[in-house]
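Peer 1: Structure file model.cif (mmCIF, C-alpha atoms) right here:
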data_my_file
#
loop_
_atom_site.group_PDB
_atom_site.id
_atom_site.type_symbol
_atom_site.label_atom_id
_atom_site.label_comp_id
_atom_site.auth_asym_id
_atom_site.auth_seq_id
_atom_site.Cartn_x
_atom_site.Cartn_y
_atom_site.Cartn_z
ATOM 1 C CA MET O 8 -2.821 0.976 -43.310
ATOM 2 C CA ALA O 9 -2.743 1.801 -39.607
ATOM 3 C CA PHE O 10 -5.423 0.081 -37.575
ATOM 4 C CA SER O 11 -7.973 2.022 -35.565
ATOM 5 C CA LEU O 12 -6.817 1.959 -31.972
ATOM 6 C CA GLN O 13 -10.373 2.403 -30.750
ATOM 7 C CA ILE O 14 -11.220 -1.082 -31.971
ATOM 8 C CA PHE O 15 -8.912 -2.558 -29.352
ATOM 9 C CA SER O 16 -9.523 -0.103 -26.514
ATOM 10 C CA PHE O 17 -11.279 -1.167 -23.368
ATOM 11 C CA SER O 18 -14.657 0.195 -22.387
ATOM 12 C CA VAL O 19 -14.781 1.267 -18.771
ATOM 13 C CA PRO O 20 -17.999 0.137 -17.063
ATOM 14 C CA LYS O 21 -19.916 2.340 -14.681
ATOM 15 C CA ARG O 22 -19.574 1.391 -11.060
ATOM 16 C CA LYS O 23 -21.330 2.032 -7.825
ATOM 17 C CA HIS O 24 -19.557 4.394 -5.459
ATOM 18 C CA LEU O 25 -17.572 2.883 -2.610
ATOM 19 C CA THR O 26 -17.423 4.674 0.711
ATOM 20 C CA SER O 27 -15.083 4.376 3.643
ATOM 21 C CA SER O 28 -14.043 6.463 6.621
ATOM 22 C CA LYS O 29 -10.386 5.467 6.290
ATOM 23 C CA THR O 30 -7.787 8.001 5.217
ATOM 24 C CA MET O 31 -4.980 7.287 2.785
ATOM 25 C CA ARG O 32 -1.233 7.280 3.104
ATOM 26 C CA ASN O 33 0.570 10.041 1.213
ATOM 27 C CA SER O 34 -2.589 12.160 0.945
ATOM 28 C CA SER O 35 -4.501 14.533 3.151
ATOM 29 C CA SER O 36 -6.846 13.165 5.777
ATOM 30 C CA SER O 37 -9.806 14.738 3.993
ATOM 31 C CA THR O 38 -9.277 12.721 0.791
ATOM 32 C CA PRO O 39 -11.950 9.993 0.443
ATOM 33 C CA ILE O 40 -11.468 6.575 -1.139
ATOM 34 C CA ILE O 41 -11.739 6.787 -4.921
ATOM 35 C CA SER O 42 -14.773 5.218 -6.584
ATOM 36 C CA GLY O 43 -14.937 3.505 -9.963
ATOM 37 C CA PHE O 44 -11.176 3.125 -10.322
ATOM 38 C CA SER O 45 -9.981 1.032 -13.268
ATOM 39 C CA TYR O 46 -6.579 0.111 -14.679
ATOM 40 C CA LYS O 47 -7.990 0.037 -18.198
ATOM 41 C CA LYS O 48 -7.076 3.673 -18.743
ATOM 42 C CA PHE O 49 -3.435 2.707 -18.072
ATOM 43 C CA VAL O 50 -3.526 0.141 -20.866
ATOM 44 C CA ASN O 51 -5.349 2.510 -23.208
ATOM 45 C CA PHE O 52 -2.714 5.165 -22.601
ATOM 46 C CA ALA O 53 0.073 2.668 -23.329
ATOM 47 C CA LEU O 54 -1.531 1.598 -26.605
ATOM 48 C CA GLU O 55 -2.119 5.138 -27.792
ATOM 49 C CA GLU O 56 1.393 6.238 -26.795
ATOM 50 C CA THR O 57 3.032 3.212 -28.436
ATOM 51 C CA GLN O 58 1.193 3.930 -31.663
ATOM 52 C CA ARG O 59 2.914 7.332 -31.740
ATOM 53 C CA HIS O 60 6.296 5.593 -31.846
ATOM 54 C CA THR O 61 5.813 2.453 -33.901
ATOM 55 C CA HIS O 62 3.327 0.598 -36.074
ATOM 56 C CA LEU O 63 1.515 -1.959 -33.945
ATOM 57 C CA ILE O 64 -0.213 -4.979 -35.404
ATOM 58 C CA PRO O 65 -2.381 -7.457 -33.453
ATOM 59 C CA SER O 66 -0.533 -10.511 -32.189
ATOM 60 C CA PRO O 67 -1.761 -13.980 -33.221
ATOM 61 C CA LEU O 68 -2.346 -14.521 -29.491
ATOM 62 C CA GLN O 69 -5.268 -12.077 -29.648
ATOM 63 C CA GLU O 70 -7.469 -14.679 -31.305
ATOM 64 C CA LYS O 71 -7.292 -17.054 -28.341
ATOM 65 C CA PHE O 72 -6.692 -14.660 -25.464
ATOM 66 C CA ASN O 73 -9.164 -11.785 -25.431
ATOM 67 C CA LEU O 74 -11.979 -12.188 -22.913
ATOM 68 C CA MET O 75 -12.671 -14.665 -20.113
ATOM 69 C CA LYS O 76 -15.110 -14.962 -17.255
ATOM 70 C CA SER O 77 -14.280 -16.405 -13.867
ATOM 71 C CA ILE O 78 -15.752 -19.715 -12.778
ATOM 72 C CA ASP O 79 -18.439 -17.921 -10.765
ATOM 73 C CA GLN O 80 -19.109 -15.504 -13.661
ATOM 74 C CA LYS O 81 -18.562 -12.515 -11.349
ATOM 75 C CA THR O 82 -15.129 -11.456 -12.587
ATOM 76 C CA GLU O 83 -14.065 -10.447 -16.084
ATOM 77 C CA LEU O 84 -10.581 -10.876 -17.517
ATOM 78 C CA GLU O 85 -9.700 -8.830 -20.608
ATOM 79 C CA MET O 86 -6.558 -9.439 -22.648
ATOM 80 C CA LEU O 87 -4.924 -7.779 -25.621
ATOM 81 C CA SER O 88 -1.659 -8.346 -27.465
ATOM 82 C CA PHE O 89 0.327 -6.624 -30.213
ATOM 83 C CA GLN O 90 3.721 -6.667 -31.867
ATOM 84 C CA SER O 91 5.940 -4.406 -33.958
ATOM 85 C CA SER O 92 9.401 -4.264 -35.521
ATOM 86 C CA LYS O 93 11.166 -3.939 -32.153
ATOM 87 C CA ILE O 94 8.450 -5.421 -29.909
ATOM 88 C CA ARG O 95 8.143 -9.207 -29.795
ATOM 89 C CA LEU O 96 5.054 -8.935 -27.624
ATOM 90 C CA LEU O 97 3.102 -6.135 -25.999
ATOM 91 C CA ARG O 98 0.396 -7.685 -23.880
ATOM 92 C CA GLY O 99 -2.003 -6.595 -21.197
ATOM 93 C CA LEU O 100 -4.333 -8.328 -18.782
ATOM 94 C CA THR O 101 -6.888 -6.472 -16.686
ATOM 95 C CA ILE O 102 -9.157 -8.126 -14.151
ATOM 96 C CA ASP O 103 -12.385 -6.482 -13.064
ATOM 97 C CA GLY O 104 -13.714 -8.198 -9.948
ATOM 98 C CA SER O 105 -17.105 -7.883 -8.312
ATOM 99 C CA ASP O 106 -15.487 -7.550 -4.870
ATOM 100 C CA SER O 107 -13.788 -4.200 -5.593
ATOM 101 C CA MET O 108 -10.806 -6.026 -7.067
ATOM 102 C CA GLN O 109 -8.870 -4.474 -9.939
ATOM 103 C CA VAL O 110 -5.733 -6.035 -11.421
ATOM 104 C CA MET O 111 -3.383 -5.043 -14.233
ATOM 105 C CA ASP O 112 -0.510 -7.099 -15.621
ATOM 106 C CA PHE O 113 1.038 -5.158 -18.492
ATOM 107 C CA ALA O 114 4.378 -5.938 -20.136
ATOM 108 C CA VAL O 115 6.363 -5.270 -23.292
ATOM 109 C CA PHE O 116 8.988 -7.786 -24.428
ATOM 110 C CA PRO O 117 11.562 -6.713 -27.038
ATOM 111 C CA GLU O 118 12.657 -8.699 -30.044
ATOM 112 C CA PRO O 119 15.934 -10.548 -29.241
ATOM 113 C CA GLU O 120 17.819 -8.340 -31.713
ATOM 114 C CA PHE O 121 17.478 -5.591 -29.093
ATOM 115 C CA ASP O 122 18.790 -5.709 -25.525
ATOM 116 C CA LEU O 123 16.044 -3.386 -24.283
ATOM 117 C CA PRO O 124 14.696 -3.738 -20.743
ATOM 118 C CA ILE O 125 11.301 -5.389 -20.347
ATOM 119 C CA PHE O 126 8.608 -2.910 -19.409
ATOM 120 C CA CYS O 127 6.645 -4.333 -16.483
ATOM 121 C CA ALA O 128 3.611 -3.012 -14.598
ATOM 122 C CA ASN O 129 1.898 -5.258 -12.058
ATOM 123 C CA CYS O 130 -0.819 -3.564 -10.008
ATOM 124 C CA VAL O 131 -3.385 -5.087 -7.666
ATOM 125 C CA THR O 132 -6.156 -3.173 -5.921
ATOM 126 C CA VAL O 133 -8.451 -4.963 -3.485
ATOM 127 C CA GLY O 134 -10.761 -2.686 -1.537
ATOM 128 C CA SER O 135 -8.572 0.134 -0.285
ATOM 129 C CA VAL O 136 -5.274 -1.785 -0.529
ATOM 130 C CA ASN O 137 -2.941 -1.321 -3.512
ATOM 131 C CA ILE O 138 0.199 -3.339 -4.306
ATOM 132 C CA VAL O 139 2.369 -2.149 -7.187
ATOM 133 C CA VAL O 140 5.501 -3.160 -9.074
ATOM 134 C CA LEU O 141 6.464 -0.817 -11.910
ATOM 135 C CA ASP O 142 9.816 -1.169 -13.602
ATOM 136 C CA LEU O 143 11.927 -1.385 -16.691
ATOM 137 C CA ASN O 144 13.072 -4.909 -15.833
ATOM 138 C CA PRO O 145 16.691 -5.358 -16.954
ATOM 139 C CA LEU O 146 17.296 -7.985 -19.596
ATOM 140 C CA HIS O 147 20.799 -8.487 -18.175
ATOM 141 C CA ASP O 148 21.946 -8.412 -14.554
ATOM 142 C CA VAL O 149 22.465 -4.768 -13.555
ATOM 143 C CA ILE O 150 24.184 -5.768 -10.317
ATOM 144 C CA ILE O 151 26.990 -7.486 -12.231
ATOM 145 C CA GLU O 152 26.935 -5.824 -15.655
ATOM 146 C CA ARG O 153 27.822 -2.169 -15.069
ATOM 147 C CA ASN O 154 27.864 -1.325 -18.785
ATOM 148 C CA TYR O 155 24.269 -2.454 -19.206
ATOM 149 C CA ARG O 156 23.190 -0.529 -16.102
ATOM 150 C CA GLU O 157 24.821 2.678 -17.295
ATOM 151 C CA LYS O 158 23.500 2.239 -20.835
ATOM 152 C CA TYR O 159 19.856 2.181 -19.796
ATOM 153 C CA TYR O 160 19.489 3.389 -16.215
ATOM 154 C CA LYS O 161 22.049 6.109 -15.563
ATOM 155 C CA SER O 162 19.950 8.743 -17.333
ATOM 156 C CA LEU O 163 16.750 7.443 -15.699
ATOM 157 C CA MET O 164 17.939 7.707 -12.089
ATOM 158 C CA PRO O 165 16.393 11.190 -11.552
ATOM 159 C CA LEU O 166 13.029 9.777 -12.631
ATOM 160 C CA GLY O 167 13.465 6.799 -10.331
ATOM 161 C CA LEU O 168 14.477 8.962 -7.370
ATOM 162 C CA LYS O 169 11.465 11.226 -7.897
ATOM 163 C CA TYR O 170 9.011 8.364 -7.563
ATOM 164 C CA ALA O 171 11.006 6.552 -4.879
ATOM 165 C CA GLU O 172 10.241 9.575 -2.718
ATOM 166 C CA LEU O 173 6.571 9.770 -3.689
ATOM 167 C CA LEU O 174 5.901 6.012 -3.655
ATOM 168 C CA PRO O 175 8.018 4.543 -0.824
ATOM 169 C CA TRP O 176 9.525 1.038 -0.802
ATOM 170 C CA GLY O 177 6.828 -1.539 -0.074
ATOM 171 C CA GLY O 178 8.682 -3.831 2.316
ATOM 172 C CA LYS O 179 10.620 -7.076 2.110
ATOM 173 C CA ILE O 180 11.548 -8.486 -1.267
ATOM 174 C CA THR O 181 13.664 -11.595 -1.802
ATOM 175 C CA SER O 182 17.204 -11.492 -3.142
ATOM 176 C CA GLU O 183 16.205 -13.905 -5.932
ATOM 177 C CA SER O 184 13.410 -11.637 -7.175
ATOM 178 C CA LEU O 185 15.620 -8.577 -6.879
ATOM 179 C CA LYS O 186 17.874 -9.844 -9.663
ATOM 180 C CA PHE O 187 15.059 -9.150 -12.122
ATOM 181 C CA PHE O 188 14.512 -5.564 -10.978
ATOM 182 C CA SER O 189 16.325 -2.358 -11.885
ATOM 183 C CA PRO O 190 17.594 0.488 -9.671
ATOM 184 C CA ILE O 191 14.514 2.540 -10.637
ATOM 185 C CA VAL O 192 11.933 -0.089 -9.680
ATOM 186 C CA ILE O 193 8.792 1.138 -7.954
ATOM 187 C CA TRP O 194 7.762 -1.488 -5.411
ATOM 188 C CA THR O 195 5.136 0.036 -3.172
ATOM 189 C CA LYS O 196 1.930 -0.383 -1.195
ATOM 190 C CA PHE O 197 -0.606 2.325 -0.448
ATOM 191 C CA SER O 198 -4.228 2.977 0.463
ATOM 192 C CA SER O 199 -6.720 3.980 -2.209
ATOM 193 C CA SER O 200 -7.368 7.665 -2.822
ATOM 194 C CA GLN O 201 -7.742 9.881 -5.857
ATOM 195 C CA HIS O 202 -4.378 11.428 -5.032
ATOM 196 C CA ASN O 203 -2.559 8.100 -4.838
ATOM 197 C CA HIS O 204 -4.140 6.652 -7.959
ATOM 198 C CA ASP O 205 -3.360 9.844 -9.896
ATOM 199 C CA LEU O 206 0.220 9.591 -8.660
ATOM 200 C CA LEU O 207 0.456 5.978 -9.805
ATOM 201 C CA PHE O 208 -0.942 6.874 -13.221
ATOM 202 C CA SER O 209 1.615 9.671 -13.493
ATOM 203 C CA ALA O 210 4.425 7.238 -12.663
ATOM 204 C CA PHE O 211 3.095 4.720 -15.196
ATOM 205 C CA MET O 212 2.961 7.356 -17.924
ATOM 206 C CA ASP O 213 6.446 8.685 -17.171
ATOM 207 C CA TYR O 214 8.020 5.236 -16.998
ATOM 208 C CA TYR O 215 6.325 4.089 -20.179
ATOM 209 C CA LYS O 216 7.323 7.225 -22.082
ATOM 210 C CA ALA O 217 10.895 6.646 -20.907
ATOM 211 C CA TRP O 218 10.777 3.073 -22.203
ATOM 212 C CA LEU O 219 9.431 4.193 -25.560
ATOM 213 C CA GLU O 220 12.211 6.773 -25.871
ATOM 214 C CA ILE O 221 14.933 4.187 -25.356
ATOM 215 C CA MET O 222 13.103 1.872 -27.767
ATOM 216 C CA ASP O 223 13.261 4.621 -30.400
ATOM 217 C CA GLN O 224 17.013 4.934 -29.884
ATOM 218 C CA ALA O 225 17.727 1.200 -29.840
ATOM 219 C CA LYS O 226 19.893 -0.150 -32.658
ATOM 220 C CA GLU O 227 19.422 -3.647 -33.997
ATOM 221 C CA GLU O 228 22.136 -6.062 -32.878
ATOM 222 C CA THR O 229 23.938 -7.689 -35.796
ATOM 223 C CA ASP O 230 26.299 -9.870 -33.761
ATOM 224 C CA THR O 231 24.668 -13.307 -33.693
ATOM 225 C CA SER O 232 26.277 -14.185 -30.365
ATOM 226 C CA ARG O 233 24.737 -11.080 -28.749
ATOM 227 C CA VAL O 234 21.319 -11.873 -30.191
ATOM 228 C CA ILE O 235 21.546 -15.380 -28.747
ATOM 229 C CA CYS O 236 22.607 -13.895 -25.406
ATOM 230 C CA ASN O 237 19.553 -11.601 -25.418
ATOM 231 C CA LEU O 238 17.318 -14.520 -26.353
ATOM 232 C CA ARG O 239 18.642 -16.651 -23.504
ATOM 233 C CA ALA O 240 18.285 -13.791 -21.029
ATOM 234 C CA GLN O 241 14.664 -13.210 -22.000
ATOM 235 C CA HIS O 242 13.910 -16.941 -21.787
ATOM 236 C CA ARG O 243 15.458 -17.088 -18.313
ATOM 237 C CA TYR O 244 13.310 -14.132 -17.244
ATOM 238 C CA LEU O 245 10.154 -15.747 -18.652
ATOM 239 C CA THR O 246 10.976 -19.068 -16.995
ATOM 240 C CA TRP O 247 11.351 -17.407 -13.596
ATOM 241 C CA ARG O 248 8.145 -15.389 -13.946
ATOM 242 C CA ALA O 249 6.072 -18.300 -15.242
ATOM 243 C CA GLU O 250 7.073 -20.413 -12.236
ATOM 244 C CA LYS O 251 7.240 -17.850 -9.421
ATOM 245 C CA ASP O 252 4.814 -15.099 -10.383
ATOM 246 C CA PRO O 253 2.554 -14.530 -7.335
ATOM 247 C CA GLY O 254 -0.462 -13.806 -9.541
ATOM 248 C CA HIS O 255 -0.713 -17.467 -10.531
ATOM 249 C CA ARG O 256 -2.639 -18.326 -7.358
ATOM 250 C CA LEU O 257 -5.249 -15.659 -8.032
ATOM 251 C CA LEU O 258 -5.710 -16.897 -11.580
ATOM 252 C CA LYS O 259 -6.156 -20.491 -10.412
ATOM 253 C CA ARG O 260 -8.864 -19.359 -8.019
ATOM 254 C CA LEU O 261 -10.635 -17.341 -10.707
ATOM 255 C CA ILE O 262 -10.460 -19.588 -13.783
ATOM 256 C CA GLY O 263 -9.178 -22.974 -12.604
ATOM 257 C CA GLU O 264 -5.796 -24.703 -12.770
ATOM 258 C CA CYS O 265 -5.810 -25.632 -16.464
ATOM 259 C CA ASN O 266 -6.918 -22.232 -17.777
ATOM 260 C CA ALA O 267 -4.561 -20.437 -15.415
ATOM 261 C CA GLN O 268 -1.625 -22.519 -16.628
ATOM 262 C CA ASP O 269 -2.459 -21.735 -20.255
ATOM 263 C CA LEU O 270 -2.827 -18.028 -19.523
ATOM 264 C CA VAL O 271 0.473 -17.852 -17.644
ATOM 265 C CA ARG O 272 2.637 -19.873 -20.027
ATOM 266 C CA ASP O 273 1.060 -19.092 -23.400
ATOM 267 C CA PHE O 274 0.010 -15.475 -22.892
ATOM 268 C CA LEU O 275 1.485 -13.621 -19.896
ATOM 269 C CA PHE O 276 4.919 -15.168 -20.332
ATOM 270 C CA ASN O 277 4.633 -16.252 -23.904
ATOM 271 C CA GLY O 278 7.960 -17.574 -25.152
ATOM 272 C CA VAL O 279 8.734 -19.736 -22.146
ATOM 273 C CA THR O 280 8.088 -22.827 -24.284
ATOM 274 C CA THR O 281 9.385 -21.454 -27.608
ATOM 275 C CA LEU O 282 12.382 -19.175 -27.011
ATOM 276 C CA GLY O 283 14.498 -21.818 -25.321
ATOM 277 C CA ALA O 284 14.627 -25.402 -24.107
ATOM 278 C CA LYS O 285 16.076 -24.938 -20.616
ATOM 279 C CA THR O 286 13.825 -25.768 -17.670
ATOM 280 C CA PHE O 287 13.352 -23.842 -14.433
ATOM 281 C CA ALA O 288 15.482 -26.399 -12.583
ATOM 282 C CA GLU O 289 18.313 -25.919 -15.074
ATOM 283 C CA TYR O 290 18.275 -22.152 -14.655
ATOM 284 C CA PHE O 291 17.666 -22.233 -10.896
ATOM 285 C CA PRO O 292 18.897 -25.634 -9.602
ATOM 286 C CA GLU O 293 18.747 -24.490 -5.970
ATOM 287 C CA TYR O 294 14.939 -24.802 -6.166
ATOM 288 C CA GLN O 295 14.930 -28.450 -7.211
ATOM 289 C CA GLN O 296 13.946 -30.848 -4.436
ATOM 290 C CA GLU O 297 15.115 -34.427 -3.944
ATOM 291 C CA ASP O 298 12.042 -35.861 -5.672
ATOM 292 C CA GLY O 299 12.678 -33.670 -8.724
ATOM 293 C CA SER O 300 9.861 -31.228 -8.018
ATOM 294 C CA ILE O 301 10.311 -27.465 -7.723
ATOM 295 C CA SER O 302 10.122 -25.887 -4.286
ATOM 296 C CA GLU O 303 7.230 -23.473 -3.875
ATOM 297 C CA LYS O 304 9.355 -21.219 -1.679
ATOM 298 C CA ARG O 305 9.901 -17.703 -2.965
ATOM 299 C CA SER O 306 13.470 -17.677 -1.627
ATOM 300 C CA MET O 307 16.020 -20.404 -1.053
ATOM 301 C CA VAL O 308 18.732 -18.018 0.154
ATOM 302 C CA GLY O 309 16.454 -16.614 2.841
ATOM 303 C CA LYS O 310 17.642 -13.028 2.409
ATOM 304 C CA SER O 311 15.254 -10.165 1.778
ATOM 305 C CA PHE O 312 15.466 -6.387 1.547
ATOM 306 C CA GLU O 313 13.172 -4.202 3.625
ATOM 307 C CA THR O 314 14.590 -0.951 2.209
ATOM 308 C CA ARG O 315 15.704 0.078 -1.271
ATOM 309 C CA PRO O 316 19.040 -1.699 -1.961
ATOM 310 C CA TRP O 317 20.423 0.865 -4.433
ATOM 311 C CA ASP O 318 21.983 4.228 -3.737
ATOM 312 C CA THR O 319 21.049 7.442 -5.538
ATOM 313 C CA GLY O 320 23.539 6.687 -8.303
ATOM 314 C CA GLY O 321 22.065 3.257 -9.028
ATOM 315 C CA GLU O 322 24.866 1.325 -7.318
ATOM 316 C CA PHE O 323 23.734 -1.850 -5.566
ATOM 317 C CA ILE O 324 24.306 -1.594 -1.795
ATOM 318 C CA GLY O 325 22.323 -4.674 -0.860
ATOM 319 C CA GLU O 326 25.366 -6.481 0.534
ATOM 320 C CA ASN O 327 25.286 -3.990 3.389
ATOM 321 C CA ILE O 328 21.533 -4.356 4.028
ATOM 322 C CA MET O 329 19.848 -7.129 5.972
#
Could you render the structure as structure tokens?
Peer 2:
Amino acid sequence: MAFSLQIFSFSVPKRKHLTSSKTMRNSSSSTPIISGFSYKKFVNFALEETQRHTHLIPSPLQEKFNLMKSIDQKTELEMLSFQSSKIRLLRGLTIDGSDSMQVMDFAVFPEPEFDLPIFCANCVTVGSVNIVVLDLNPLHDVIIERNYREKYYKSLMPLGLKYAELLPWGGKITSESLKFFSPIVIWTKFSSSQHNHDLLFSAFMDYYKAWLEIMDQAKEETDTSRVICNLRAQHRYLTWRAEKDPGHRLLKRLIGECNAQDLVRDFLFNGVTTLGAKTFAEYFPEYQQEDGSISEKRSMVGKSFETRPWDTGGEFIGENIM
């Protein structure tokens, strides 16, 4: 029997209106700052849309990770998690802060029998400032593995180019982080307005529908060596994110070091301790310091990209960009 999706949907609280005289990028000067904005409708859309494509069941993680309050009791963290035949884990975290802070960390991780990209949406809104990463993160390196890039991203380039124009590149990003992004990644910053938030929601819907379509078409891998390769690639991805995800600092401030560590390793990047045994230092030895600790630096190479490092065909041109 299919579960009732409404049981797991978020309720959106009423909010006081926020006012500002600032105008927003990519919108007319007469557009005021949006009031009562919430990322919960993004997660609700994703759940409802996923249910059209596959049978979701609650993940065992839902029992432990569902609702938390910040140390000062002023911020609420809501979590949900599901799974299906092709989805190892669909999970979402939304943070509703008292200081006009809204955060969404939504991701879908495939079962290792499928080499599907990892759907990733990380959005932070504080006051009138918005920072967004939206992508179908490649499971395998699209810079090196042309076949994988063409398999999943060639047909999606028009979609990526559309939103690259509407949501411009957000500034410098390290070469290490770039390896986990695809040619259609949306990495952007903008000021709050109804227009901009509607545009972001449109991008989220289009990208998620695209991911669901390729999930529908995905065939289960029967070659054990390929399954192991997918498993290792996902574990490497999780290990990087669990160690270097910039949201970890915010979580530590909100719920304390211990709770933040549990949330990051057991929920947000669940699988980092179960899908493989390799450590961060084994995957990324350049970050290991002489005393054995891991450097907190985001980049050891020191190279970053201030403009989009892919051409319109999805070819990486970063070697020619400083």
Peer 1: When you count only C-alpha atoms, which of these residues is closest to Phe126 (chain O): O:Thr82, O:Thr195, O:Thr181, O:Tyr215?
Peer 2: O:Tyr215
Peer 1: With distances taken over only C-alpha atoms, which of O:Asp112, O:Glu183, O:Glu297, O:Asp103 is nearest to Leu261 (chain O)?
Peer 2: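 Smallest distance to Leu261 (chain O) is found for O:Asp103.
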Peer 1: Need to verify the contact set: Phe291 (chain O), 10 Å, only C-alpha atoms, exclusion of same-chain residues closer than 4 positions in sequence. Can you return it as a PDB file with C-alpha atoms, in the frame of the given file?
Peer 2:
ATOM      1  CA  GLU O 183      16.205 -13.905  -5.932  1.00  0.00           C
ATOM      2  CA  ARG O 243      15.458 -17.088 -18.313  1.00  0.00           C
ATOM      3  CA  THR O 246      10.976 -19.068 -16.995  1.00  0.00           C
ATOM      4  CA  TRP O 247      11.351 -17.407 -13.596  1.00  0.00           C
ATOM      5  CA  THR O 286      13.825 -25.768 -17.670  1.00  0.00           C
ATOM      6  CA  PHE O 287      13.352 -23.842 -14.433  1.00  0.00           C
ATOM      7  CA  GLN O 295      14.930 -28.450  -7.211  1.00  0.00           C
ATOM      8  CA  ILE O 301      10.311 -27.465  -7.723  1.00  0.00           C
TER       9      ILE O 301
END
Peer 1: Would you mind listing what lies within 10 Å of Asp318 (chain O) as a ChimeraX atom specification, with only C-alpha atoms counted and same-chain residues fewer than 3 positions away left out?
Peer 2: /O:164,168,190,315,321-325
Peer 1: Expanded to explicit residues, what is the PyMOL selection byres ((chain O and resi 131) around 8) for this file, as a PyMOL selection string?
Peer 2: chain O and resi 108-111+129-130+132-133+137-139
Peer 1: Take the PyMOL selection byres ((chain O and resi 271) around 10), apply it to the structure above, and return the hits as a PDB file with C-alpha atoms, keeping the file's coordinate frame.
Peer 2:
ATOM      1  CA  LEU O 245      10.154 -15.747 -18.652  1.00  0.00           C
ATOM      2  CA  ARG O 248       8.145 -15.389 -13.946  1.00  0.00           C
ATOM      3  CA  ALA O 249       6.072 -18.300 -15.242  1.00  0.00           C
ATOM      4  CA  GLU O 250       7.073 -20.413 -12.236  1.00  0.00           C
ATOM      5  CA  ASP O 252       4.814 -15.099 -10.383  1.00  0.00           C
ATOM      6  CA  GLY O 254      -0.462 -13.806  -9.541  1.00  0.00           C
ATOM      7  CA  HIS O 255      -0.713 -17.467 -10.531  1.00  0.00           C
ATOM      8  CA  LEU O 258      -5.710 -16.897 -11.580  1.00  0.00           C
ATOM      9  CA  ASN O 266      -6.918 -22.232 -17.777  1.00  0.00           C
ATOM     10  CA  ALA O 267      -4.561 -20.437 -15.415  1.00  0.00           C
ATOM     11  CA  GLN O 268      -1.625 -22.519 -16.628  1.00  0.00           C
ATOM     12  CA  ASP O 269      -2.459 -21.735 -20.255  1.00  0.00           C
ATOM     13  CA  LEU O 270      -2.827 -18.028 -19.523  1.00  0.00           C
ATOM     14  CA  ARG O 272       2.637 -19.873 -20.027  1.00  0.00           C
ATOM     15  CA  ASP O 273       1.060 -19.092 -23.400  1.00  0.00           C
ATOM     16  CA  PHE O 274       0.010 -15.475 -22.892  1.00  0.00           C
ATOM     17  CA  LEU O 275       1.485 -13.621 -19.896  1.00  0.00           C
ATOM     18  CA  PHE O 276       4.919 -15.168 -20.332  1.00  0.00           C
ATOM     19  CA  ASN O 277       4.633 -16.252 -23.904  1.00  0.00           C
ATOM     20  CA  VAL O 279       8.734 -19.736 -22.146  1.00  0.00           C
TER      21      VAL O 279
END
